[in-house]
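Note: the block below is upload_20.csv and it holds CSV, C-alpha atoms.
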chain,number,residue,atom,x,y,z
A,20,ILE,CA,-9.7,22.1,-36.5
A,21,CYS,CA,-10.5,18.5,-36.1
A,22,PRO,CA,-10.5,15.7,-38.7
A,23,ASP,CA,-13.6,13.5,-39.4
A,24,SER,CA,-11.8,10.4,-38.0
A,25,LEU,CA,-8.6,9.2,-36.4
A,26,GLU,CA,-7.0,5.8,-37.3
A,27,ILE,CA,-6.4,3.7,-34.1
A,28,TYR,CA,-4.0,0.8,-34.4
A,29,ILE,CA,-4.7,-2.1,-32.0
A,30,ASP,CA,-2.3,-5.0,-31.9
A,31,ASP,CA,-4.2,-8.1,-33.0
A,32,SER,CA,-2.3,-10.5,-30.6
A,33,SER,CA,-4.5,-12.7,-28.4
A,34,SER,CA,-3.2,-11.0,-25.2
A,35,ASN,CA,-4.2,-7.5,-26.3
A,36,LEU,CA,-7.3,-6.4,-24.4
A,37,TRP,CA,-8.3,-3.3,-26.3
A,38,GLU,CA,-11.6,-3.6,-28.1
A,39,ILE,CA,-14.1,-1.2,-29.7
A,40,GLY,CA,-17.8,-1.8,-29.2
A,41,LYS,CA,-20.7,-1.6,-26.7
A,42,PRO,CA,-19.6,-2.1,-23.1
A,43,ASN,CA,-21.1,-5.1,-21.3
A,44,LYS,CA,-19.9,-4.8,-17.7
A,45,SER,CA,-20.0,-2.5,-14.7
A,46,PHE,CA,-19.1,0.5,-16.8
A,47,HIS,CA,-22.7,0.1,-18.0
A,48,SER,CA,-22.4,2.3,-21.1
A,49,ALA,CA,-20.1,4.4,-23.3
A,50,TYR,CA,-20.0,8.1,-22.7
A,51,SER,CA,-21.5,8.6,-26.2
A,52,GLU,CA,-23.7,5.6,-27.1
A,53,PRO,CA,-23.3,3.0,-28.2
A,54,ASN,CA,-19.6,2.2,-28.7
A,55,ALA,CA,-16.4,3.0,-26.7
A,56,LEU,CA,-12.7,1.9,-26.7
A,57,MET,CA,-11.9,-0.3,-23.7
A,58,THR,CA,-10.0,-3.1,-22.2
A,59,LYS,CA,-12.4,-6.0,-22.9
A,60,LEU,CA,-16.0,-5.3,-23.7
A,61,SER,CA,-17.1,-7.9,-21.2
A,62,GLY,CA,-15.5,-9.5,-18.1
A,63,THR,CA,-12.6,-8.4,-15.9
A,64,TYR,CA,-9.1,-8.0,-17.1
A,65,PRO,CA,-6.5,-10.8,-16.6
A,66,VAL,CA,-3.3,-10.7,-14.6
A,67,ASN,CA,0.2,-9.9,-15.9
A,68,ASN,CA,-1.2,-8.1,-19.0
A,69,LYS,CA,0.2,-5.3,-21.1
A,70,SER,CA,-2.0,-4.0,-23.9
A,71,SER,CA,-1.6,-1.0,-26.2
A,72,PHE,CA,-3.1,0.9,-29.1
A,73,THR,CA,-1.4,3.6,-31.1
A,74,ILE,CA,-2.4,6.7,-33.1
A,75,ASP,CA,-0.5,8.2,-36.0
A,76,VAL,CA,-1.2,11.9,-35.6
A,77,PRO,CA,-2.0,13.4,-39.0
A,78,LYS,CA,0.6,15.9,-40.3
A,79,VAL,CA,-2.2,18.6,-40.5
A,80,PHE,CA,-1.7,19.1,-36.8
A,81,PHE,CA,1.9,20.3,-37.3
A,82,ALA,CA,0.7,23.5,-38.9
A,83,GLU,CA,3.0,26.3,-37.6
A,84,TRP,CA,0.4,29.0,-37.4
A,85,TYR,CA,-1.3,27.3,-34.5
A,86,ASN,CA,0.1,27.5,-31.0
A,87,ILE,CA,-1.2,24.3,-29.5
A,88,MET,CA,-2.1,20.7,-30.4
A,89,ASP,CA,-4.5,19.3,-27.8
A,90,ILE,CA,-5.7,15.7,-27.4
A,91,GLN,CA,-9.0,15.3,-25.5
A,92,TRP,CA,-11.0,12.3,-24.4
A,93,MET,CA,-13.5,11.0,-21.8
A,94,GLN,CA,-12.4,8.2,-19.6
A,95,LYS,CA,-13.2,6.0,-16.6
A,96,MET,CA,-10.9,3.7,-14.6
A,97,HIS,CA,-11.7,0.6,-12.6
A,98,THR,CA,-8.3,-0.8,-11.5
A,99,THR,CA,-6.3,-1.7,-8.4
A,100,LYS,CA,-4.8,1.6,-7.2
A,101,LYS,CA,-1.0,2.0,-7.4
A,102,LYS,CA,-0.8,-1.4,-9.2
A,103,ASP,CA,-2.9,-1.6,-12.4
A,104,GLY,CA,-3.7,1.2,-14.7
A,105,GLY,CA,-2.8,3.0,-17.9
A,106,TYR,CA,-0.3,5.5,-19.2
A,107,ILE,CA,0.3,7.5,-22.4
A,108,GLU,CA,3.5,7.9,-24.4
A,109,PHE,CA,4.6,9.8,-27.5
A,110,SER,CA,7.2,9.1,-30.2
A,111,ILE,CA,8.8,11.4,-32.7
A,112,ASP,CA,11.0,8.8,-34.4
A,113,SER,CA,8.4,6.4,-35.9
A,114,GLY,CA,8.1,4.4,-32.7
A,115,THR,CA,11.8,3.7,-32.1
A,116,THR,CA,11.7,5.4,-28.7
A,117,TRP,CA,8.7,6.4,-26.5
A,118,GLU,CA,8.4,9.1,-23.8
A,119,ASN,CA,5.8,9.1,-21.0
A,120,VAL,CA,3.8,12.3,-21.2
A,121,TYR,CA,3.4,12.6,-17.4
A,122,THR,CA,7.2,13.1,-17.0
A,123,SER,CA,7.9,14.8,-20.3
A,124,PRO,CA,8.7,18.6,-20.5
A,125,TYR,CA,7.3,18.5,-24.0
A,126,ALA,CA,3.7,17.9,-22.7
A,127,TYR,CA,1.9,20.4,-20.6
A,128,ASN,CA,-1.6,21.7,-19.5
A,129,PHE,CA,-2.5,18.1,-18.6
A,130,TYR,CA,-5.6,18.1,-16.5
A,131,GLY,CA,-9.0,16.5,-15.8
A,132,TYR,CA,-7.4,13.1,-15.0
A,133,SER,CA,-8.2,10.7,-12.3
A,134,SER,CA,-5.6,9.5,-9.7
A,135,ILE,CA,-2.0,9.3,-11.0
A,136,ASP,CA,0.6,7.1,-9.4
A,137,THR,CA,3.4,4.6,-10.2
A,138,LEU,CA,2.1,1.4,-11.8
A,139,VAL,CA,3.3,-2.1,-11.5
A,140,ASN,CA,5.9,-1.7,-14.3
A,141,GLY,CA,7.3,1.5,-12.9
A,142,GLU,CA,5.5,3.9,-15.3
A,143,LEU,CA,3.6,6.8,-14.0
A,144,GLY,CA,-0.1,6.6,-15.1
A,145,PHE,CA,-3.8,6.6,-14.3
A,146,THR,CA,-4.9,4.2,-11.6
A,147,GLY,CA,-7.7,3.6,-9.1
A,148,ILE,CA,-11.5,3.8,-9.5
A,149,ASP,CA,-13.6,6.6,-11.0
A,150,SER,CA,-17.3,6.9,-10.2
A,151,SER,CA,-17.9,9.0,-13.3
A,152,PHE,CA,-16.3,10.0,-16.6
A,153,HIS,CA,-13.4,12.4,-16.5
A,154,ASP,CA,-12.8,14.9,-19.3
A,155,VAL,CA,-9.0,14.7,-20.0
A,156,TRP,CA,-6.9,17.2,-21.9
A,157,LEU,CA,-3.2,16.8,-23.0
A,158,CYS,CA,-1.4,19.6,-24.9
A,159,PHE,CA,1.7,19.9,-26.9
A,160,ASP,CA,3.3,23.1,-28.2
A,161,GLY,CA,2.4,23.3,-31.9
A,162,SER,CA,5.4,25.4,-32.8
A,163,TRP,CA,7.7,22.7,-31.5
A,164,LEU,CA,5.8,20.1,-33.6
A,165,THR,CA,6.3,22.1,-36.8
A,166,ASP,CA,9.8,20.7,-37.4
A,167,LEU,CA,8.8,17.1,-36.9
A,168,ASP,CA,8.0,14.5,-39.6
A,169,ASP,CA,6.3,12.0,-37.4
A,170,PHE,CA,4.3,12.0,-34.2
A,171,LYS,CA,2.7,9.0,-32.6
A,172,LEU,CA,0.7,8.5,-29.4
A,173,ARG,CA,0.5,5.2,-27.5
A,174,PHE,CA,-2.0,4.3,-24.8
A,175,THR,CA,-0.9,1.3,-22.7
A,176,PHE,CA,-2.8,-0.7,-20.0
A,177,VAL,CA,-0.9,-2.9,-17.5
A,178,SER,CA,-1.9,-5.3,-14.7
A,179,ASP,CA,0.0,-7.1,-11.9
A,180,SER,CA,-0.1,-10.7,-10.8
A,181,ILE,CA,-3.1,-10.5,-8.4
A,182,ASP,CA,-6.6,-10.9,-9.9
A,183,GLU,CA,-9.0,-8.5,-8.1
A,184,GLN,CA,-11.8,-8.8,-10.6
A,185,MET,CA,-11.6,-5.2,-11.9
A,186,ASP,CA,-13.0,-3.9,-15.2
A,187,GLY,CA,-10.1,-1.8,-16.6
A,188,TRP,CA,-10.0,1.4,-18.7
A,189,ILE,CA,-12.7,2.9,-20.9
A,190,ILE,CA,-12.1,5.7,-23.4
A,191,ASP,CA,-14.6,7.6,-25.5
A,192,ASN,CA,-14.9,10.7,-27.6
A,193,LEU,CA,-11.2,10.8,-28.4
A,194,MET,CA,-10.2,13.7,-30.6
A,195,ILE,CA,-7.1,15.7,-31.6
A,196,ARG,CA,-7.4,19.4,-32.4
A,197,GLN,CA,-5.4,22.5,-33.2
A,198,THR,CA,-6.1,25.5,-31.1
A,199,MET,CA,-4.7,28.9,-30.1
A,200,ILE,CA,-6.4,28.7,-26.7
A,201,HIS,CA,-4.8,27.1,-23.6
A,202,THR,CA,-6.9,24.5,-21.9
A,203,VAL,CA,-6.3,26.3,-18.6
A,204,GLN,CA,-6.1,30.1,-18.1
A,205,THR,CA,-2.6,31.4,-18.1
A,206,VAL,CA,-1.2,34.7,-17.1
A,207,GLU,CA,0.3,36.8,-19.9
A,208,GLN,CA,4.1,36.8,-19.4
A,209,SER,CA,5.7,40.2,-19.1
A,210,ASN,CA,9.3,39.1,-19.0
A,211,TYR,CA,11.1,37.7,-22.0
A,212,PHE,CA,12.5,34.8,-19.9
A,213,LYS,CA,11.1,33.3,-16.7
A,214,VAL,CA,13.3,30.7,-15.0
A,215,SER,CA,12.4,29.2,-11.6
A,216,PRO,CA,13.0,28.1,-8.9
A,217,ASN,CA,16.4,29.4,-8.2
A,218,PRO,CA,18.0,27.9,-6.1
A,219,THR,CA,16.6,24.5,-7.3
A,220,ALA,CA,16.6,21.0,-6.0
A,221,GLY,CA,16.9,19.7,-9.6
A,222,ARG,CA,13.9,20.7,-11.7
A,223,VAL,CA,14.0,24.1,-13.4
A,224,ASN,CA,10.9,25.6,-15.1
A,225,ILE,CA,11.6,27.8,-18.2
A,226,GLU,CA,9.1,30.0,-20.0
A,227,THR,CA,9.8,32.4,-22.8
A,228,GLN,CA,7.6,34.8,-24.6
A,229,LYS,CA,6.6,33.9,-28.1
A,230,LYS,CA,7.7,36.6,-30.5
A,231,GLU,CA,7.0,36.9,-34.2
A,232,GLY,CA,9.6,34.7,-35.9
A,233,TYR,CA,10.7,33.1,-32.6
A,234,HIS,CA,8.4,30.2,-31.6
A,235,ILE,CA,10.8,27.7,-30.1
A,236,ILE,CA,13.9,27.7,-27.9
A,237,GLU,CA,16.5,26.9,-30.5
A,238,ASN,CA,19.4,26.2,-28.2
A,239,MET,CA,19.9,26.0,-24.5
A,240,VAL,CA,23.2,25.3,-22.7
A,241,LEU,CA,24.0,24.5,-19.1
A,242,MET,CA,27.5,25.3,-17.9
A,243,ASP,CA,29.3,24.9,-14.6
A,244,VAL,CA,31.4,27.6,-13.0
A,245,ASN,CA,34.4,26.6,-15.1
A,246,SER,CA,32.4,27.3,-18.3
A,247,LYS,CA,32.3,23.5,-19.1
A,248,VAL,CA,29.2,22.5,-21.0
A,249,VAL,CA,27.4,19.8,-19.0
A,250,GLU,CA,24.1,19.6,-20.9
A,251,THR,CA,22.5,21.0,-24.0
A,252,TRP,CA,18.9,21.1,-25.4
A,253,LYS,CA,17.9,22.0,-29.0
A,254,ASN,CA,14.5,23.0,-30.6
A,255,VAL,CA,12.3,22.7,-27.5
A,256,PRO,CA,9.0,24.3,-26.7
A,257,THR,CA,8.9,27.8,-25.2
A,258,LYS,CA,7.3,26.3,-22.1
A,259,PHE,CA,9.8,23.7,-20.9
A,260,PHE,CA,11.5,22.2,-17.9
A,261,ILE,CA,14.8,20.6,-17.3
A,262,ASP,CA,15.9,18.2,-14.5
A,263,ILE,CA,19.5,18.7,-13.4
A,264,ASN,CA,19.3,16.5,-10.3
A,265,ASN,CA,22.1,14.4,-11.8
A,266,GLN,CA,24.5,17.3,-11.5
A,267,LYS,CA,26.6,18.0,-8.4
A,268,ASP,CA,25.5,20.7,-6.0
A,269,GLY,CA,26.9,24.1,-7.0
A,270,VAL,CA,26.4,27.1,-9.2
A,271,TYR,CA,25.5,26.7,-12.9
A,272,PHE,CA,24.8,29.1,-15.8
A,273,LEU,CA,22.0,28.5,-18.2
A,274,THR,CA,22.2,30.2,-21.6
A,275,ILE,CA,19.0,30.4,-23.6

Please express the file's structure as structure tokens.
Amino acid sequence: ICPDSLEIYIDDSSSNLWEIGKPNKSFHSAYSEPNALMTKLSGTYPVNNKSSFTIDVPKVFFAEWYNIMDIQWMQKMHTTKKKDGGYIEFSIDSGTTWENVYTSPYAYNFYGYSSIDTLVNGELGFTGIDSSFHDVWLCFDGSWLTDLDDFKLRFTFVSDSIDEQMDGWIIDNLMIRQTMIHTVQTVEQSNYFKVSPNPTAGRVNIETQKKEGYHIIENMVLMDVNSKVVETWKNVPTKFFIDINNQKDGVYFLTI
């Protein structure tokens, strides 16, 4: 299911580079003629810039009978690798706080992207040069979204202090859909819980089977050997990961 259109909000400040129209630079053309969304329709991007646009995801995508909400778009990058580039965040509290999708356990099945590395502002995002358009997919567990009242996406472009005459980021055919099909093939899970690796250096991957009436992990508790609760998680997707690298080396118990 896909709506006829999505509302994209571009900050109208003079420093914001995002524009919608016909490209007039080395990108040559949009993926679907004539228009695209990009960092300046003509000319290279300036130094020390940070530009964003946001999308308010319609509530229709929070329908609980669908398993997955996926965001898809076509993109090309022409930026200084490991310096300039773009990253994507989401917010579930009306934009008060934002979380980078590349490091979030709530986002998964993210593929099709070009080179990803740390950008000038420390965020992890797209960077480098693409010779052709990439088909990018980003998925969220729809059953986790069901309990939310608000979901926003923010695409941000950043540049450093060195002008290397690069063209920036172009996005086309941006759409959001509900689906019951994963964007990549997954193996049917036979065990109710799957937790790995064990031992771990910090990150622990958790997958649980979706059962009728049970479509999220309602509560998860990490305890030390003295039964002291050190971390808790509530209402998270059935495919999730936790990072406990901040804990001391030792034995811990995870209750799901």

I want to know what sits within 9 Å of A:Leu167, based on only C-alpha atoms, with residues of the same chain fewer than 2 positions away left out; could you give that as a PDB file with C-alpha atoms, keeping the file's coordinate frame?
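Done, and the output landed in result_1.pdb:
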ATOM      1  CA  LYS A  78       0.600  15.900 -40.300  1.00  0.00           C
ATOM      2  CA  PHE A  81       1.900  20.300 -37.300  1.00  0.00           C
ATOM      3  CA  ILE A 111       8.800  11.400 -32.700  1.00  0.00           C
ATOM      4  CA  ASP A 112      11.000   8.800 -34.400  1.00  0.00           C
ATOM      5  CA  TRP A 163       7.700  22.700 -31.500  1.00  0.00           C
ATOM      6  CA  LEU A 164       5.800  20.100 -33.600  1.00  0.00           C
ATOM      7  CA  THR A 165       6.300  22.100 -36.800  1.00  0.00           C
ATOM      8  CA  ASP A 169       6.300  12.000 -37.400  1.00  0.00           C
ATOM      9  CA  PHE A 170       4.300  12.000 -34.200  1.00  0.00           C
TER      10      PHE A 170
END

For A:Leu172, list every protein, DNA or RNA residue within 6 Å, evaluated using only C-alpha atoms, and leave out those in the same chain fewer than 3 positions away; present the list as a count of residues only. 4

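One distance worth recording is that between atom CA of A:Asp103 and atom CA of A:Asp154, which is 20.4 Å.
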
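You will find atom CA of A:Thr99 at 16.3 Å from atom CA of A:Lys59.
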
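If all atoms listed in the file are the atoms counted, then among A:His234, A:Arg173, A:Arg196, A:Lys44 the closest residue to A:Asn254 is A:His234.
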
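You will find atom CA of A:Asp75 at 15.0 Å from atom CA of A:Phe159.
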
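Restricting the calculation to all atoms listed in the file, the smallest distance between A:Pro42 and any of A:Tyr106, A:Trp188, A:Phe176, A:Tyr130 is found for A:Trp188.
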
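Nearest to A:Gln91 of all the residues A:Trp156, A:Tyr211, A:Phe145, A:Phe72 is A:Trp156, counting all atoms listed in the file.
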
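Among the candidates A:Asn119, A:Thr98, A:Ser51, A:Ser215, the residue lying nearest to A:Ile261 is A:Ser215 (atoms considered: only C-alpha atoms).
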